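Visitor: Please read through the structure below; I'll follow up with questions.
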Amino acid sequence: MKLKGKLILLTGASGGIGQAIARRLAAQGARLILVGRSTQQLNALARELHVLVNEGFVLQADITSRSGRDTIRTALLALQEPLDALINCAGVNLFGLLEDNDPEAIEQLINTNVTATILLTQLALPFLNKDSGRIVNIGSSFGGLGYPGFSAYCASKFALRGFSEALRRELSDSQIQVAHLAPRATNTNLNSDAVYAMNRELGTAMDEPEVVAAQVEFMLSAKRMHDRNIGWPERLFLRINSLFPRVIDNALRSQLPIIRRHAQPVSASATADNNISIHLS
Ligand SMILES: NC(=O)c1ccc[n+]([C@@H]2O[C@H](COP(=O)([O-])OP(=O)(O)OC[C@H]3O[C@@H](n4cnc5c(N)ncnc54)[C@H](OP(=O)(O)O)[C@@H]3O)[C@@H](O)[C@H]2O)c1
C-alpha cells in the first residue's frame, strides 16, 4: 500500500513508539488521526507534523472509556471517508511480582491492552476501506514468551496476539488485512528505572522507538502484511519457547534471583516492558 494520502488512525500517538510511528508515516505523506490521553503531547506532535488539531485529526480520548471511544467514532463519522489503516499502539505495563501487583493496576492493564483494543477495533471495522483496509496491532515479544515479573502484561500481550490471529483468519475472505507486530524492549517511558537497571544487569539491549516505526512502515507498505517479531535473539527464543518451553523455563530459572531483586516494590509506579535476554547455557 502506498502511504501517501492514506488516512491512518493511530492510538498511543502521545507515547514513545506512537510518536515515532507518527513521524515516520507523516514523512511518507500519510494523513494521521492521532489518539492519546495527553493533550499536551498530542498537540505538540500535531504542531510538528502539521496535523489539523481542530478538524478531527487529534483526538484526546481514553480508549478504556465508552465516552473516549465515542469521541473516536464521532470523528470517524464526521470525516466521511474510509480509513486506510488502524494501528493499535496504546498500551500500559506493570512490572513486579504478581503477589505485589496492585489489583486495580492489573484491571487497568487488561482493560487497556485487551478489552479497549478489541472494542476499538470492532468500532473501527465498518470505517475501514473494504478494498484495502489494514489493522496493525502492536504486541510485544512478551506476547509469545512468558517472563517473570510481567505476568499480567504477558497475559495481555498473549491475548492480543490471539486476537490478531483470530481476526486475521475471520477476515481472510475479505480484502482487510490484520497483522501483529511484536517489538522487543524499546527505549520509552513504558520502562521504569527498575527495568532499565535489570536490563543492564542481564546484559539485554533496548531498541529505539524508530526501529519499531520502521517496521510499521514496512508492514503497511508491503502488498501483503505478515506478523513480525523484532530482534535477534528474541526470534530464536520465541521459537524455542514454542517448541521446547522447558529449555526456556530452565534458562529463566537461573535469572530469577536478579529479576526478583529488581521487581521489589520500591515504587507503585514501576511499570515497564522488557526485551528477552536469556542465557541458555
Ligand atoms: N517500550 C517497550 O519496551 C515496548 C516493548 C514491546 C511492546 N511495546 C508496546 O508498544 C506500545 C506503545 O508503548 P510505548 O513504549 O510507546 O509506551 P508509552 O511511551 O508509555 O506510550 C503508551 C501510549 O499508550 C497510550 N495509552 C495508555 N493508556 C491509554 C488509554 N487508556 N487511552 C488512550 N491511550 C492510552 C498513552 O497515552 P497517554 O500518554 O497520552 O496517556 C501513550 O500514548 C504498547 O502497546 C506497548 O505494550 C512497548
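All residue names refer to the C-alpha cells as shown: chains lettered A, B, ... in order, residues numbered from 1 in each chain, ligands numbered from 1 in order.
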Which residues of chain A have any atom within 7 Å of an atom in ligand 1 when counting only C-alpha atoms and all ligand atoms, and what is the closest pair of atoms for each, with the distance in Å to one decimal? Order the rows by chain and rising number and write it as CSV.
Guide:
residue,atom,partner,partner_atom_place_in_ligand_line,distance
A:Thr11,CA,ligand 1,34 (N),6.3
A:Gly12,CA,ligand 1,43 (O),3.2
A:Ala13,CA,ligand 1,43 (O),4.7
A:Ser14,CA,ligand 1,43 (O),3.7
A:Gly15,CA,ligand 1,21 (O),3.3
A:Gly16,CA,ligand 1,16 (O),3.8
A:Ile17,CA,ligand 1,16 (O),3.6
A:Gly18,CA,ligand 1,16 (O),5.4
A:Val35,CA,ligand 1,34 (N),6.7
A:Gly36,CA,ligand 1,40 (O),4.2
A:Arg37,CA,ligand 1,40 (O),3.5
A:Ser38,CA,ligand 1,40 (O),3.5
A:Thr39,CA,ligand 1,40 (O),6.9
A:Gln41,CA,ligand 1,40 (O),7.0
A:Ala61,CA,ligand 1,33 (C),5.7
A:Asp62,CA,ligand 1,32 (N),3.4
A:Ile63,CA,ligand 1,32 (N),4.0
A:Thr64,CA,ligand 1,31 (N),4.9
A:Cys89,CA,ligand 1,45 (O),4.6
A:Ala90,CA,ligand 1,24 (O),3.4
A:Gly91,CA,ligand 1,45 (O),3.6
A:Val92,CA,ligand 1,27 (C),5.3
A:Asn93,CA,ligand 1,47 (O),6.5
A:Thr112,CA,ligand 1,31 (N),5.4
A:Asn113,CA,ligand 1,45 (O),6.7
A:Ile138,CA,ligand 1,45 (O),5.4
A:Gly139,CA,ligand 1,7 (C),5.4
A:Ser140,CA,ligand 1,7 (C),4.1
A:Ser141,CA,ligand 1,6 (C),6.4
A:Ala182,CA,ligand 1,7 (C),6.3
A:Pro183,CA,ligand 1,6 (C),4.4
A:Arg184,CA,ligand 1,6 (C),4.9
A:Ala185,CA,ligand 1,3 (O),3.6
A:Thr186,CA,ligand 1,3 (O),3.6
A:Asn187,CA,ligand 1,1 (N),5.7
A:Thr188,CA,ligand 1,15 (O),4.8
A:Asn189,CA,ligand 1,19 (O),4.7
A:Leu190,CA,ligand 1,20 (O),3.9
A:Asn191,CA,ligand 1,3 (O),6.0
A:Ala272,CA,ligand 1,3 (O),6.8
A:Asp273,CA,ligand 1,3 (O),4.4
A:Asn274,CA,ligand 1,3 (O),5.4
A:Asn275,CA,ligand 1,3 (O),6.8
Visitor: For stretch 22-30 of chain A, please output as a list in words all residues within 9 Å (counting only C-alpha atoms; exclusion window: fewer than 3 positions along the same chain).
Guide: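 Contacts, in chain order: Lys2, Leu3, Lys4, Gly5, Lys6, Leu7, Ile8, Leu10, Ala13, Ile17, Gly18, Gln19, Leu34, Leu45, Glu48, Leu49, Glu210, Ala213, Ala214, Val216 and Glu217 of chain A.
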Visitor: Go ahead and save the residues from that selection, with all heavy atoms, as a compact mmCIF listing (two decimals), in the first residue's frame.
Guide:
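Below is the file that was written, again29.txt:
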# COMPACT_ATOMS: atom_id res chain seq x y z
N LYS A 2 0.62 2.16 -0.91
CA LYS A 2 1.37 3.42 -0.90
C LYS A 2 0.82 4.29 0.22
O LYS A 2 -0.40 4.43 0.36
CB LYS A 2 1.19 4.13 -2.24
CG LYS A 2 1.90 3.46 -3.40
CD LYS A 2 2.46 4.52 -4.34
CE LYS A 2 3.38 3.97 -5.41
NZ LYS A 2 3.62 2.56 -5.45
N LEU A 3 1.68 4.89 1.00
CA LEU A 3 1.21 5.60 2.19
C LEU A 3 0.76 7.03 1.92
O LEU A 3 0.00 7.60 2.70
CB LEU A 3 2.32 5.59 3.25
CG LEU A 3 2.61 4.20 3.83
CD1 LEU A 3 3.84 4.23 4.72
CD2 LEU A 3 1.41 3.70 4.61
N LYS A 4 1.19 7.59 0.82
CA LYS A 4 0.86 8.99 0.55
C LYS A 4 -0.67 9.19 0.48
O LYS A 4 -1.37 8.51 -0.25
CB LYS A 4 1.49 9.42 -0.78
CG LYS A 4 1.45 10.91 -1.00
CD LYS A 4 2.36 11.32 -2.14
CE LYS A 4 2.20 12.77 -2.52
NZ LYS A 4 2.29 13.69 -1.41
N GLY A 5 -1.14 10.10 1.32
CA GLY A 5 -2.57 10.44 1.31
C GLY A 5 -3.45 9.48 2.09
O GLY A 5 -4.65 9.72 2.25
N LYS A 6 -2.87 8.39 2.61
CA LYS A 6 -3.69 7.39 3.30
C LYS A 6 -4.10 7.91 4.68
O LYS A 6 -3.34 8.58 5.36
CB LYS A 6 -2.92 6.07 3.45
CG LYS A 6 -2.66 5.39 2.12
CD LYS A 6 -3.94 4.94 1.46
CE LYS A 6 -3.71 4.10 0.21
NZ LYS A 6 -3.04 4.77 -0.88
N LEU A 7 -5.35 7.56 5.04
CA LEU A 7 -5.90 8.01 6.33
C LEU A 7 -5.67 6.90 7.37
O LEU A 7 -6.17 5.79 7.22
CB LEU A 7 -7.40 8.28 6.17
CG LEU A 7 -8.13 8.87 7.37
CD1 LEU A 7 -7.56 10.25 7.72
CD2 LEU A 7 -9.63 8.97 7.10
N ILE A 8 -4.91 7.23 8.40
CA ILE A 8 -4.49 6.21 9.38
C ILE A 8 -4.80 6.65 10.80
O ILE A 8 -4.37 7.73 11.22
CB ILE A 8 -2.97 5.92 9.23
CG1 ILE A 8 -2.67 5.40 7.82
CG2 ILE A 8 -2.50 4.92 10.29
CD1 ILE A 8 -1.20 5.15 7.53
N LEU A 10 -4.16 6.21 14.62
CA LEU A 10 -3.05 5.70 15.45
C LEU A 10 -3.36 5.95 16.92
O LEU A 10 -3.44 7.11 17.36
CB LEU A 10 -1.76 6.42 15.06
CG LEU A 10 -0.53 6.19 15.96
CD1 LEU A 10 -0.04 4.75 15.88
CD2 LEU A 10 0.60 7.16 15.56
N ALA A 13 -0.56 7.60 20.27
CA ALA A 13 0.23 8.56 19.48
C ALA A 13 1.05 9.49 20.36
O ALA A 13 2.03 10.06 19.91
CB ALA A 13 -0.69 9.37 18.58
N ILE A 17 6.69 5.07 21.22
CA ILE A 17 6.63 4.35 19.94
C ILE A 17 5.61 5.02 19.02
O ILE A 17 5.86 5.18 17.81
CB ILE A 17 6.28 2.86 20.19
CG1 ILE A 17 7.47 2.16 20.87
CG2 ILE A 17 5.90 2.16 18.90
CD1 ILE A 17 7.23 0.72 21.27
N GLY A 18 4.48 5.45 19.59
CA GLY A 18 3.44 6.10 18.77
C GLY A 18 3.97 7.35 18.08
O GLY A 18 3.69 7.58 16.89
N GLN A 19 4.71 8.16 18.80
CA GLN A 19 5.25 9.38 18.19
C GLN A 19 6.20 9.04 17.05
O GLN A 19 6.19 9.70 16.00
CB GLN A 19 5.98 10.22 19.24
CG GLN A 19 5.05 10.85 20.24
CD GLN A 19 5.76 11.87 21.13
OE1 GLN A 19 6.63 12.60 20.67
NE2 GLN A 19 5.38 11.92 22.38
N LEU A 34 -4.51 11.21 15.27
CA LEU A 34 -3.69 10.91 16.44
C LEU A 34 -4.58 10.77 17.67
O LEU A 34 -5.34 11.69 18.01
CB LEU A 34 -2.68 12.04 16.68
CG LEU A 34 -1.77 12.41 15.50
CD1 LEU A 34 -0.97 13.67 15.80
CD2 LEU A 34 -0.84 11.25 15.16
N LEU A 45 2.92 17.18 19.05
CA LEU A 45 3.19 16.32 17.88
C LEU A 45 2.42 16.84 16.66
O LEU A 45 2.97 16.89 15.54
CB LEU A 45 2.78 14.88 18.20
CG LEU A 45 3.07 13.83 17.12
CD1 LEU A 45 4.58 13.63 16.94
CD2 LEU A 45 2.42 12.50 17.49
N GLU A 48 4.14 19.78 15.20
CA GLU A 48 5.36 19.36 14.49
C GLU A 48 5.02 18.76 13.12
O GLU A 48 5.71 19.01 12.14
CB GLU A 48 6.09 18.32 15.36
CG GLU A 48 7.34 17.77 14.72
CD GLU A 48 7.90 16.57 15.51
OE1 GLU A 48 7.75 16.52 16.75
OE2 GLU A 48 8.47 15.67 14.86
N LEU A 49 3.94 17.97 13.07
CA LEU A 49 3.63 17.24 11.83
C LEU A 49 2.57 17.94 11.00
O LEU A 49 2.09 17.39 10.00
CB LEU A 49 3.15 15.82 12.18
CG LEU A 49 4.13 14.96 13.00
CD1 LEU A 49 3.55 13.57 13.26
CD2 LEU A 49 5.46 14.83 12.26
N GLU A 210 12.25 4.30 16.91
CA GLU A 210 12.30 4.41 15.45
C GLU A 210 12.43 3.04 14.79
O GLU A 210 12.01 2.85 13.65
CB GLU A 210 13.47 5.31 15.02
CG GLU A 210 13.29 6.79 15.31
CD GLU A 210 13.37 7.14 16.79
OE1 GLU A 210 14.00 6.38 17.56
OE2 GLU A 210 12.78 8.17 17.18
N ALA A 213 8.96 1.88 14.50
CA ALA A 213 8.26 2.68 13.49
C ALA A 213 8.64 2.23 12.08
O ALA A 213 7.78 2.15 11.19
CB ALA A 213 8.60 4.16 13.68
N ALA A 214 9.91 1.91 11.88
CA ALA A 214 10.35 1.45 10.55
C ALA A 214 9.66 0.15 10.17
O ALA A 214 9.28 -0.06 9.01
CB ALA A 214 11.87 1.27 10.55
N VAL A 216 6.67 -0.79 11.20
CA VAL A 216 5.27 -0.47 10.89
C VAL A 216 5.17 0.04 9.46
O VAL A 216 4.29 -0.37 8.69
CB VAL A 216 4.70 0.57 11.89
CG1 VAL A 216 3.32 1.04 11.45
CG2 VAL A 216 4.63 -0.03 13.29
N GLU A 217 6.08 0.93 9.10
CA GLU A 217 6.06 1.45 7.73
C GLU A 217 6.25 0.32 6.73
O GLU A 217 5.54 0.23 5.71
CB GLU A 217 7.16 2.51 7.54
CG GLU A 217 7.10 3.12 6.15
CD GLU A 217 8.34 3.90 5.78
OE1 GLU A 217 9.09 4.34 6.68
OE2 GLU A 217 8.58 4.07 4.56
Visitor: Please compute the atom CA of A:Asp70-atom CA of A:Leu160 distance, one decimal, in Å.
Guide: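 Spanning atom CA of A:Asp70 to atom CA of A:Leu160 is a straight-line distance of 22.0 Å.
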Visitor: Between A:Asn111, A:Ser174, A:Tyr153, A:Phe95, single out the one closest to A:Lys130, counting only C-alpha atoms.
Guide: A:Ser174
Visitor: Given the choices A:Glu201, A:Phe244, A:Ser172, A:His226, which gets closest to A:Pro257 if the distance is worked out from only C-alpha atoms?
Guide: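 Among A:Glu201, A:Phe244, A:Ser172, A:His226, it is A:Glu201 that comes nearest to A:Pro257.
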Visitor: May I ask for the distance between atom CA of A:Arg224 and atom CA of A:Glu165, given in Å to one decimal place?
Guide: 15.0 Å
Visitor: To one decimal place, how far is atom CA of A:Asp173 from atom CA of A:Ser221 in Å?
Guide: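 Distance reported for this atom pair: 20.9 Å.
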Visitor: Set the distance at 10 Å and use only C-alpha atoms: which residues neighbour A:Ala75 once local chain neighbours fewer than 2 positions away are removed? I'd like the list as a PyMOL selection string.
Guide: chain A and resi 33+55-59+69-73+77-80
Visitor: Would you please extract all alpha helix (DSSP H) residues from stretch 74-281 of chain A, as assigned by DSSP on the backbone, and give them as a ChimeraX atom specification?
Guide: /A:74-79,103-110,117-124,151-170,193-202,209-221,234-243,245-262
Visitor: Write out the residues from the selection above, keeping C-alpha atoms, as a PDB file, in the first residue's frame.
Guide:
ATOM      1  CA  THR A  74     -17.905  10.616  16.125  1.00  0.00           C
ATOM      2  CA  ALA A  75     -14.696  11.827  14.482  1.00  0.00           C
ATOM      3  CA  LEU A  76     -14.682   8.919  12.019  1.00  0.00           C
ATOM      4  CA  LEU A  77     -18.338   9.569  11.115  1.00  0.00           C
ATOM      5  CA  ALA A  78     -17.621  13.261  10.575  1.00  0.00           C
ATOM      6  CA  LEU A  79     -14.656  12.573   8.291  1.00  0.00           C
ATOM      7  CA  PRO A 103      -5.200  -5.354  41.670  1.00  0.00           C
ATOM      8  CA  GLU A 104      -6.524  -2.121  40.158  1.00  0.00           C
ATOM      9  CA  ALA A 105      -3.407  -1.791  38.034  1.00  0.00           C
ATOM     10  CA  ILE A 106      -3.963  -5.332  36.745  1.00  0.00           C
ATOM     11  CA  GLU A 107      -7.549  -4.469  35.819  1.00  0.00           C
ATOM     12  CA  GLN A 108      -6.452  -1.271  34.111  1.00  0.00           C
ATOM     13  CA  LEU A 109      -3.785  -3.139  32.167  1.00  0.00           C
ATOM     14  CA  ILE A 110      -6.156  -5.819  30.881  1.00  0.00           C
ATOM     15  CA  THR A 117      -8.153  -2.525  21.988  1.00  0.00           C
ATOM     16  CA  ILE A 118     -10.657  -5.167  20.907  1.00  0.00           C
ATOM     17  CA  LEU A 119     -13.603  -2.770  21.309  1.00  0.00           C
ATOM     18  CA  LEU A 120     -11.833  -0.042  19.373  1.00  0.00           C
ATOM     19  CA  THR A 121     -11.023  -2.469  16.576  1.00  0.00           C
ATOM     20  CA  GLN A 122     -14.668  -3.529  16.469  1.00  0.00           C
ATOM     21  CA  LEU A 123     -15.693   0.132  16.332  1.00  0.00           C
ATOM     22  CA  ALA A 124     -13.243   0.887  13.514  1.00  0.00           C
ATOM     23  CA  SER A 151       2.775 -11.921  34.325  1.00  0.00           C
ATOM     24  CA  ALA A 152      -0.249  -9.646  33.777  1.00  0.00           C
ATOM     25  CA  TYR A 153       1.444  -7.809  30.920  1.00  0.00           C
ATOM     26  CA  CYS A 154       2.411 -11.107  29.266  1.00  0.00           C
ATOM     27  CA  ALA A 155      -1.176 -12.316  29.655  1.00  0.00           C
ATOM     28  CA  SER A 156      -2.453  -9.177  27.912  1.00  0.00           C
ATOM     29  CA  LYS A 157       0.017  -9.431  25.046  1.00  0.00           C
ATOM     30  CA  PHE A 158      -0.629 -13.170  24.570  1.00  0.00           C
ATOM     31  CA  ALA A 159      -4.312 -12.216  24.355  1.00  0.00           C
ATOM     32  CA  LEU A 160      -3.628  -9.504  21.795  1.00  0.00           C
ATOM     33  CA  ARG A 161      -1.650 -11.936  19.659  1.00  0.00           C
ATOM     34  CA  GLY A 162      -4.519 -14.442  19.815  1.00  0.00           C
ATOM     35  CA  PHE A 163      -6.992 -11.712  18.918  1.00  0.00           C
ATOM     36  CA  SER A 164      -4.887 -10.659  15.927  1.00  0.00           C
ATOM     37  CA  GLU A 165      -4.543 -14.214  14.681  1.00  0.00           C
ATOM     38  CA  ALA A 166      -8.264 -14.980  15.008  1.00  0.00           C
ATOM     39  CA  LEU A 167      -9.341 -11.709  13.396  1.00  0.00           C
ATOM     40  CA  ARG A 168      -6.870 -12.188  10.557  1.00  0.00           C
ATOM     41  CA  ARG A 169      -8.481 -15.559   9.845  1.00  0.00           C
ATOM     42  CA  GLU A 170     -12.007 -14.203  10.329  1.00  0.00           C
ATOM     43  CA  ASP A 193      14.192   2.717  36.143  1.00  0.00           C
ATOM     44  CA  ALA A 194      13.949  -0.760  37.698  1.00  0.00           C
ATOM     45  CA  VAL A 195      13.592  -2.381  34.295  1.00  0.00           C
ATOM     46  CA  TYR A 196      16.413  -0.355  32.786  1.00  0.00           C
ATOM     47  CA  ALA A 197      18.588  -1.434  35.733  1.00  0.00           C
ATOM     48  CA  MET A 198      17.523  -5.066  35.333  1.00  0.00           C
ATOM     49  CA  ASN A 199      18.212  -4.985  31.591  1.00  0.00           C
ATOM     50  CA  ARG A 200      21.656  -3.563  32.252  1.00  0.00           C
ATOM     51  CA  GLU A 201      22.439  -6.281  34.765  1.00  0.00           C
ATOM     52  CA  LEU A 202      21.118  -9.032  32.498  1.00  0.00           C
ATOM     53  CA  PRO A 209      11.273   3.599  19.036  1.00  0.00           C
ATOM     54  CA  GLU A 210      12.302   4.413  15.451  1.00  0.00           C
ATOM     55  CA  VAL A 211      13.147   0.722  14.965  1.00  0.00           C
ATOM     56  CA  VAL A 212       9.518  -0.172  15.671  1.00  0.00           C
ATOM     57  CA  ALA A 213       8.261   2.684  13.490  1.00  0.00           C
ATOM     58  CA  ALA A 214      10.348   1.449  10.551  1.00  0.00           C
ATOM     59  CA  GLN A 215       8.750  -1.992  10.885  1.00  0.00           C
ATOM     60  CA  VAL A 216       5.267  -0.473  10.892  1.00  0.00           C
ATOM     61  CA  GLU A 217       6.060   1.454   7.733  1.00  0.00           C
ATOM     62  CA  PHE A 218       7.453  -1.709   6.148  1.00  0.00           C
ATOM     63  CA  MET A 219       4.324  -3.691   7.039  1.00  0.00           C
ATOM     64  CA  LEU A 220       1.902  -1.059   5.785  1.00  0.00           C
ATOM     65  CA  SER A 221       3.857  -0.550   2.572  1.00  0.00           C
ATOM     66  CA  GLU A 234      14.312 -12.730  20.551  1.00  0.00           C
ATOM     67  CA  ARG A 235      13.010 -14.509  17.440  1.00  0.00           C
ATOM     68  CA  LEU A 236      15.109 -17.566  18.353  1.00  0.00           C
ATOM     69  CA  PHE A 237      13.883 -17.552  21.968  1.00  0.00           C
ATOM     70  CA  LEU A 238      10.274 -17.294  20.809  1.00  0.00           C
ATOM     71  CA  ARG A 239      10.768 -20.269  18.508  1.00  0.00           C
ATOM     72  CA  ILE A 240      12.484 -22.355  21.200  1.00  0.00           C
ATOM     73  CA  ASN A 241       9.757 -21.411  23.680  1.00  0.00           C
ATOM     74  CA  SER A 242       7.017 -22.616  21.347  1.00  0.00           C
ATOM     75  CA  LEU A 243       8.780 -25.937  20.704  1.00  0.00           C
ATOM     76  CA  PRO A 245       9.298 -24.440  26.708  1.00  0.00           C
ATOM     77  CA  ARG A 246      11.250 -26.285  29.408  1.00  0.00           C
ATOM     78  CA  VAL A 247      14.528 -25.087  27.898  1.00  0.00           C
ATOM     79  CA  ILE A 248      13.331 -21.525  28.484  1.00  0.00           C
ATOM     80  CA  ASP A 249      11.937 -22.466  31.935  1.00  0.00           C
ATOM     81  CA  ASN A 250      15.387 -23.621  32.966  1.00  0.00           C
ATOM     82  CA  ALA A 251      17.177 -20.623  31.464  1.00  0.00           C
ATOM     83  CA  LEU A 252      14.849 -18.153  33.174  1.00  0.00           C
ATOM     84  CA  ARG A 253      15.066 -20.050  36.456  1.00  0.00           C
ATOM     85  CA  SER A 254      18.751 -19.111  36.620  1.00  0.00           C
ATOM     86  CA  GLN A 255      17.910 -15.420  36.076  1.00  0.00           C
ATOM     87  CA  LEU A 256      15.120 -15.390  38.644  1.00  0.00           C
ATOM     88  CA  PRO A 257      17.165 -14.046  41.592  1.00  0.00           C
ATOM     89  CA  ILE A 258      18.146 -10.975  39.546  1.00  0.00           C
ATOM     90  CA  ILE A 259      14.615 -10.460  38.250  1.00  0.00           C
ATOM     91  CA  ARG A 260      13.163 -10.824  41.772  1.00  0.00           C
ATOM     92  CA  ARG A 261      15.610  -8.276  43.164  1.00  0.00           C
ATOM     93  CA  HIS A 262      14.688  -5.647  40.560  1.00  0.00           C
TER      94      HIS A 262
END
Visitor: Pick out the closest residue to A:Ala116 from this set: A:Ser67, A:Ala20, A:Gln264, A:Glu208. Count only C-alpha atoms.
Guide: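 Ranked by minimum distance to A:Ala116, first place goes to A:Ser67.
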